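Visitor: Have a look at the structure that comes next, please.
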Amino acid sequence: MSEILDIISMPFFKRALVAAALIGFTNGFVSGFVLLRRSALSLSALSHTMLPGIVSVVLITGVLTQLGAFVGSMIAALIVGLASIMVSRGSKIPQGTALAIFYTTAIALGRIMLEYVATGEDLESWLFGSILSVGDSDLYVFFGIAGITLLGSTLFMRPILLTLFEPSVAVVQGVPVRLVNYFLFTLMVMALMASFQAVGAVLSIGLLVVPGAIMAMFTNRTRWLFWGGGLVGATGGVTAVLLSVIFNIPTGPAIVVVLGGLFLIAYITGPNSGFRRSLTVKST
Amino acid sequence: MSNSCGHSHNDGEKHTLSVNNLSVAYRKELVLKDISLEAQCGRCLALVGPNGAGKSTLLKAICGLVKRRSGNILWSGKDALKCRDGEFAYLPQHDEVNWDFPISVRGVVEMGRYPQLGAMKKFGESDRVAVQQALELMEMDGELARRQISELSGGQKQRAFIARAVAQQAHVLLLDEPFTGLDHDHSANLARLLRRLASEDRLVLASHHDLGTLSEIFDDVMIMNQEVIASGTCSEVVTKENLGSAFTHNVNE
């Protein structure tokens with residue numbers, strides 16, 4: 001027990017807790033948009049594509065920086081996004097299939113490229129995250145991403161919701177729909193980048209999808225999808241970091257497992273879930 | 001003349017929507033050929049034609065949602081593409097709506113106030129009144145207004161979306177099959193509402209398929225099948241000959 005207390009009082013661990021809260025909140029907040037936009041699949045593809053994108057930048061420049069990671073993931077995402085649209089337009093393959101082909105190939109390619117960048121433990125942290133090793137400068141970046149996300153989406157919540165609800169009507173009403181979509185896409189990529197560090201390339205999509213889905217089981221108010229999602233993401237993240245120390249398990253996977261467990265509970269108990277409804281239908 | 005659509009009419013002069021020689025193509029196939037149309041505010045105009053006649057496409061083109069191949073569309077003399085200030089309200093066929101969106105009927109209707117509010121302005125008393133009025137006009141007030149949109153029947157959804165268009169207090173209402181899903185009483189109610197909107201000097205342009213009710217509701221009609229077959233007032237245009245020519249035309253020629 002005292003060992004655990006020792007770890008918890010260490011600076012690296014405090015940083016990890018703050019990082020988990022910031023990353024969890026940002027991703028949870030944005031997960032509401034992902035849910036309303038029904039874009040989980042394409043974001044999943046995007047998150048996997050980020051791995052070869054970032055590794056390429058590291059191979060070319062020799063260092064890993066936040067800016068480099070951002071540029072690398074954007075370029076990789078654009079290539080896969082455009083390619084999947086082209087393939088699905090030019091053939092009888094549905095876009096979901098095209099995306100799946102591209103992103104599994106992308107992550108496989110990324111893993112091969114990693115051979116030239118990282119080994120051993122380092123490799124594990126690329127794929128499954130390394131929140132226990134975040135530095136002070138990383139924290140500032142996470143803080144900045146959280147700030148931009150909150151400020152931007154609070155200021156522009158109205159045009160964002162109109163765009164998500166019915167874009168054709170929003171256009172006619174004067175909402176700059178294209179701009180709003182670019183803004184949402186940027187928020188999603190930034191959130192993914194933050195969670196990339198926490199839970200790694202393979203799992204990062206979990207943080208960006210699960211919290212909003214949990215909230216959807218409980219609330220009928222759009223606003224609560226975002227704020228509640230943020231709260232769920234942050235508490236889930238912090239809880240998982242603590243649990244990972246207590247039970248000595250890897251932190252990144254712990255975060256996603258905790259969120260997955262919370263979703264299961266939400267699905268069973270939430271008033272909006274089909275599970276509860278199917279039970280009540282049977283009993284009456 | 002009344003000023004209820006929020007625009008002063010210079011010396012009683014009417015605003016005109018004019019579509020001039022409009023052609024629209026999807027991929028390479030022309031779906032609208034050389035359409036010309038003139039409509040003045042204070043009138044209800046119906047677009048009539050068989051499936052695939054291009055009624056929805058024409059409404060979308062006026063909204064600026066599909067690319068024109070040629071021709072132009074003017075509202076009060078300026079390009080309709082620049083009318084993104086709430087002058088036009090659009091009721092599409094809602095195939096792109098996410099029905100699981102957690103929002104109440106009132107929330108949907110409140111979205112109609114965006115042109116007045118923009119991103120930042122606070123939702124005020126005049127907005128609340130406009131929303132309440134629209135809900136009452138479509139008989140969606142009270143308990144129905146609090147329901148989630150996922151809990152509505154098809155006709156109720158349609159009424160909620162019409163209420164959103166009404167709450168916008170737009171000058172021009174572009175309605176794609178507004179009577180879809182409505183029962184007899186609510187159809188009659190909507191017919192009265194369209195007449196009322198026209199009497200407030202708004203322009204109502206709607207695609208419509210029920211020839212029986214055409215002349216009760218609408219002043220003018222354009223019969224079309226990718227091109228204009230006939231247009232004018234209902235009594236002039238609705239003839240067996242014109243309808244026959246529209247509805248027997250081979251669409252896949």
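Chain labels run A, B, ... following the order of the structure tokens; each chain numbers its residues from 1, and ligands are numbered from 1 in the order shown.
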I want to know what sits within 7 Å of stretch 106-112 of chain B, based on only C-alpha atoms, with residues of the same chain fewer than 5 positions away left out; could you give that as JSON, numbers by chain?

Guide: {"A": [162], "B": [131, 145, 146, 160, 163, 164, 165, 167, 168]}

Visitor: Within 6 Å of chain B, which residues of chain A show up when using only C-alpha atoms, listed as a list in words?

Guide: Phe156, Arg158, Pro159, Glu166, Val172, Gln173, Gly174, Asn220, Arg221 and Thr222 of chain A

Visitor: Go ahead and write the residues just picked, N, CA and C atoms, as a compact mmCIF listing (two decimals), in the first residue's frame.

Guide:
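Written out: part_9.txt:
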# COMPACT_ATOMS: atom_id res chain seq x y z
N PHE A 156 -19.51 28.56 -31.00
CA PHE A 156 -20.17 28.24 -32.26
C PHE A 156 -21.14 27.07 -32.13
N ARG A 158 -24.30 26.87 -31.76
CA ARG A 158 -25.54 26.94 -32.55
C ARG A 158 -25.30 26.54 -34.01
N PRO A 159 -24.38 27.19 -34.73
CA PRO A 159 -24.14 26.73 -36.11
C PRO A 159 -23.66 25.29 -36.20
N GLU A 166 -29.19 19.09 -39.86
CA GLU A 166 -29.67 19.01 -41.25
C GLU A 166 -28.92 20.03 -42.10
N VAL A 172 -29.07 26.96 -46.27
CA VAL A 172 -30.04 27.96 -46.72
C VAL A 172 -30.26 29.03 -45.65
N GLN A 173 -30.13 28.63 -44.38
CA GLN A 173 -30.30 29.60 -43.29
C GLN A 173 -29.08 30.50 -43.11
N GLY A 174 -28.03 30.22 -43.85
CA GLY A 174 -26.86 31.09 -43.77
C GLY A 174 -25.74 30.56 -42.88
N ASN A 220 -31.55 13.40 -22.93
CA ASN A 220 -32.25 13.81 -24.13
C ASN A 220 -31.88 15.24 -24.50
N ARG A 221 -30.88 15.77 -23.84
CA ARG A 221 -30.48 17.14 -24.14
C ARG A 221 -29.14 17.14 -24.83
N THR A 222 -29.09 17.81 -25.97
CA THR A 222 -27.88 17.82 -26.77
C THR A 222 -26.70 18.32 -25.96

Visitor: Which neighbours of B:His186 fall inside 12 Å, counting only C-alpha atoms, when residues of the same chain fewer than 4 positions from it are skipped, and could you give them as JSON, numbers by chain?

Guide: {"B": [137, 138, 139, 140, 155, 156, 158, 159, 162, 178, 179, 180, 181, 182, 190, 191, 192, 193]}

Visitor: Might you pull out every residue within 8 Å of A:Leu203, with only C-alpha atoms counted and same-chain residues fewer than 3 positions away left off, and present them as a VMD selection string?

Guide: chain A and resid 127 to 128 196 199 to 200 206 to 207 252 to 253 256

Visitor: Could you list, as a compact mmCIF listing (two decimals) with C-alpha atoms, in the first residue's frame, every residue within 10 Å of stretch 237-240 of chain A, counting only C-alpha atoms and ignoring same-chain residues fewer than 3 positions away?

Guide:
# COMPACT_ATOMS: atom_id res chain seq x y z
CA ALA A 16 -0.31 11.66 -15.64
CA LEU A 17 -3.45 12.38 -13.62
CA VAL A 18 -3.72 15.93 -14.98
CA ALA A 19 -3.09 14.65 -18.50
CA ALA A 20 -5.77 11.96 -18.12
CA ALA A 21 -8.27 14.56 -16.94
CA LEU A 22 -7.48 17.00 -19.78
CA ILE A 23 -7.34 14.39 -22.52
CA GLY A 24 -10.41 12.59 -21.17
CA PHE A 25 -12.39 15.81 -21.00
CA ALA A 198 -2.44 8.64 -23.63
CA LEU A 207 -11.69 7.81 -25.92
CA LEU A 231 -17.05 14.67 -17.39
CA VAL A 232 -17.27 10.94 -18.10
CA GLY A 233 -14.05 11.04 -20.14
CA ALA A 234 -12.15 12.91 -17.44
CA LEU A 243 -6.40 1.65 -11.04
CA SER A 244 -3.47 0.95 -13.31
CA VAL A 245 -1.06 1.75 -10.48
CA ILE A 246 -2.99 -0.16 -7.85
CA ILE A 249 -1.61 -2.96 -15.30
CA PRO A 250 -0.80 -0.95 -18.45
CA THR A 251 -2.44 2.49 -18.27
CA GLY A 252 -3.62 3.04 -21.86
CA PRO A 253 -5.59 -0.19 -22.07
CA ALA A 254 -6.91 0.44 -18.54
CA ILE A 255 -8.47 3.74 -19.70
CA VAL A 256 -10.30 2.10 -22.57
CA VAL A 257 -11.40 -0.88 -20.49
CA VAL A 258 -12.81 1.42 -17.77
CA LEU A 259 -14.74 3.39 -20.40

Visitor: For the contact check between stretch 166-245 of chain A and stretch 40-57 of chain A, emit one row per residue of stretch 166-245 of chain A within 7 Å, containing the shortest atom pair and the distance in Å rounded to one decimal, counting only C-alpha atoms, chain then rising number order, as a tab-separated table.

Guide:
residue	atom	partner	partner_atom	distance
A:Leu192	CA	A:Ser47	CA	6.6
A:Ala201	CA	A:His48	CA	5.9
A:Val202	CA	A:His48	CA	6.4
A:Ser204	CA	A:Ser47	CA	6.7
A:Ile205	CA	A:Ser44	CA	5.6
A:Val209	CA	A:Ala40	CA	6.6

Visitor: Based on DSSP run over this structure's backbone, return all residues of stretch 1-232 of chain B in strand (DSSP E), as a PyMOL selection string.

Guide: chain B and resi 16-26+29-40+44-48+70-75+78-79+88-91+172-175+203-207+220-225+227-232
